[in-house]
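Asks: Can you read through this structure? Questions will come right after.
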Amino acid sequence: MKKFLFLAAILTLALALPALAAQPPVPDKPLELKGSTKKTVMFPHAPHQKVECVTCHHPVQDKENFQKCATAGCHDDLTAKKGEKSLFYVVHTKTGLKHQTCLECHTKVVAEKPDLKKDLTGCAKSKCHP
């Protein structure tokens, strides 16, 4: 019985390692997102730790994709304001996309905590656009 449990533990670990190795380390400094807005957006991962990675790094072709939003072939149109290739559009759209957007999530948080409205949904002097 002990051998079976030991083999089961080894097999479980062997199957889990590739999944763990596929996830890059979470950046400890805020990321600078430069797109069609006039100001650079500072994105800190630390306050978003309770959000599952796949919420933002949504599956691409049914596989987890931990690339940046503006990776070539994804949301890499940095000048347009509309369309799924537009980085601005997929960050600011409030509803209707296949995955959750920044503003959609921030709007939900503000509904629960109205005192955060300016910080989370404001265009100027907010957490997104300091």
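Naming scheme: A, B, ... for chains in displayed order of the structure tokens; residues 1 onward per chain; ligands 1 onward as shown.
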Hey, could you make a per-residue contact list for region 84-114 of chain A against region 38-51 of chain A with 12 Å as the cut-off, showing the nearest pair of atoms and its distance in Å to one decimal, counting only C-alpha atoms, sorted by chain and number, as a Markdown table?
Replies:
```
| residue | atom | partner | partner_atom | distance |
| --- | --- | --- | --- | --- |
| A:Leu87 | CA | A:Val41 | CA | 11.7 |
| A:Phe88 | CA | A:Val41 | CA | 10.9 |
| A:Val91 | CA | A:Val41 | CA | 10.8 |
| A:Gln100 | CA | A:Val51 | CA | 11.1 |
| A:Cys102 | CA | A:Phe43 | CA | 10.3 |
| A:Cys105 | CA | A:Val51 | CA | 10.1 |
| A:His106 | CA | A:His48 | CA | 11.0 |
```
Asks: Go ahead and write the selection's residues with C-alpha atoms as a PDB file, in the first residue's frame.
Replies:
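File written: result.pdb
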```
ATOM      1  CA  LEU A  87      -5.549  47.368 -26.897  1.00  0.00           C
ATOM      2  CA  PHE A  88      -7.663  50.388 -25.849  1.00  0.00           C
ATOM      3  CA  VAL A  91      -9.096  47.294 -21.732  1.00  0.00           C
ATOM      4  CA  GLN A 100     -13.281  40.168 -18.653  1.00  0.00           C
ATOM      5  CA  CYS A 102      -9.948  45.937 -16.838  1.00  0.00           C
ATOM      6  CA  CYS A 105     -13.822  44.423 -13.370  1.00  0.00           C
ATOM      7  CA  HIS A 106     -13.125  47.871 -11.939  1.00  0.00           C
TER       8      HIS A 106
END
```
Asks: If you measure from CA of Glu112 (chain A) to CA of His58 (chain A), what distance in Å do you get, rounded to one decimal?
Replies: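 The value is 24.7 Å.
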Asks: CA of Phe66 (chain A) and CA of Thr93 (chain A), how far apart in Å?
Replies: 20.9 Å
Asks: Provide the CA of Cys74 (chain A) to CA of Lys94 (chain A) distance in Å, to one decimal place.
Replies: 19.0 Å
Asks: Looking at A:Val109, A:Cys69, A:Val54, A:Val90, which one is nearest to Leu31 (chain A), with distances taken over only C-alpha atoms?
Replies: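 The answer is A:Cys69, which sits nearest to Leu31 (chain A).
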Asks: Taking 6 positions as the minimum chain separation for residues in the same chain, which residues sit within 12 Å of Lys118 (chain A) when counting only C-alpha atoms? Answer as a PDB file with C-alpha atoms, in the first residue's frame.
Replies:
```pdb
ATOM      1  CA  HIS A 106     -13.125  47.871 -11.939  1.00  0.00           C
ATOM      2  CA  THR A 107     -16.772  48.856 -12.527  1.00  0.00           C
ATOM      3  CA  VAL A 109     -15.608  46.705  -7.658  1.00  0.00           C
ATOM      4  CA  VAL A 110     -16.887  50.304  -7.664  1.00  0.00           C
ATOM      5  CA  ALA A 124      -7.256  61.285 -14.960  1.00  0.00           C
ATOM      6  CA  LYS A 125      -5.393  60.954 -11.670  1.00  0.00           C
ATOM      7  CA  SER A 126      -6.649  57.434 -11.107  1.00  0.00           C
ATOM      8  CA  LYS A 127      -4.802  54.234 -10.188  1.00  0.00           C
ATOM      9  CA  CYS A 128      -4.650  53.395 -13.916  1.00  0.00           C
ATOM     10  CA  HIS A 129      -3.724  56.823 -15.232  1.00  0.00           C
ATOM     11  CA  PRO A 130      -1.745  58.526 -12.446  1.00  0.00           C
TER      12      PRO A 130
END
```
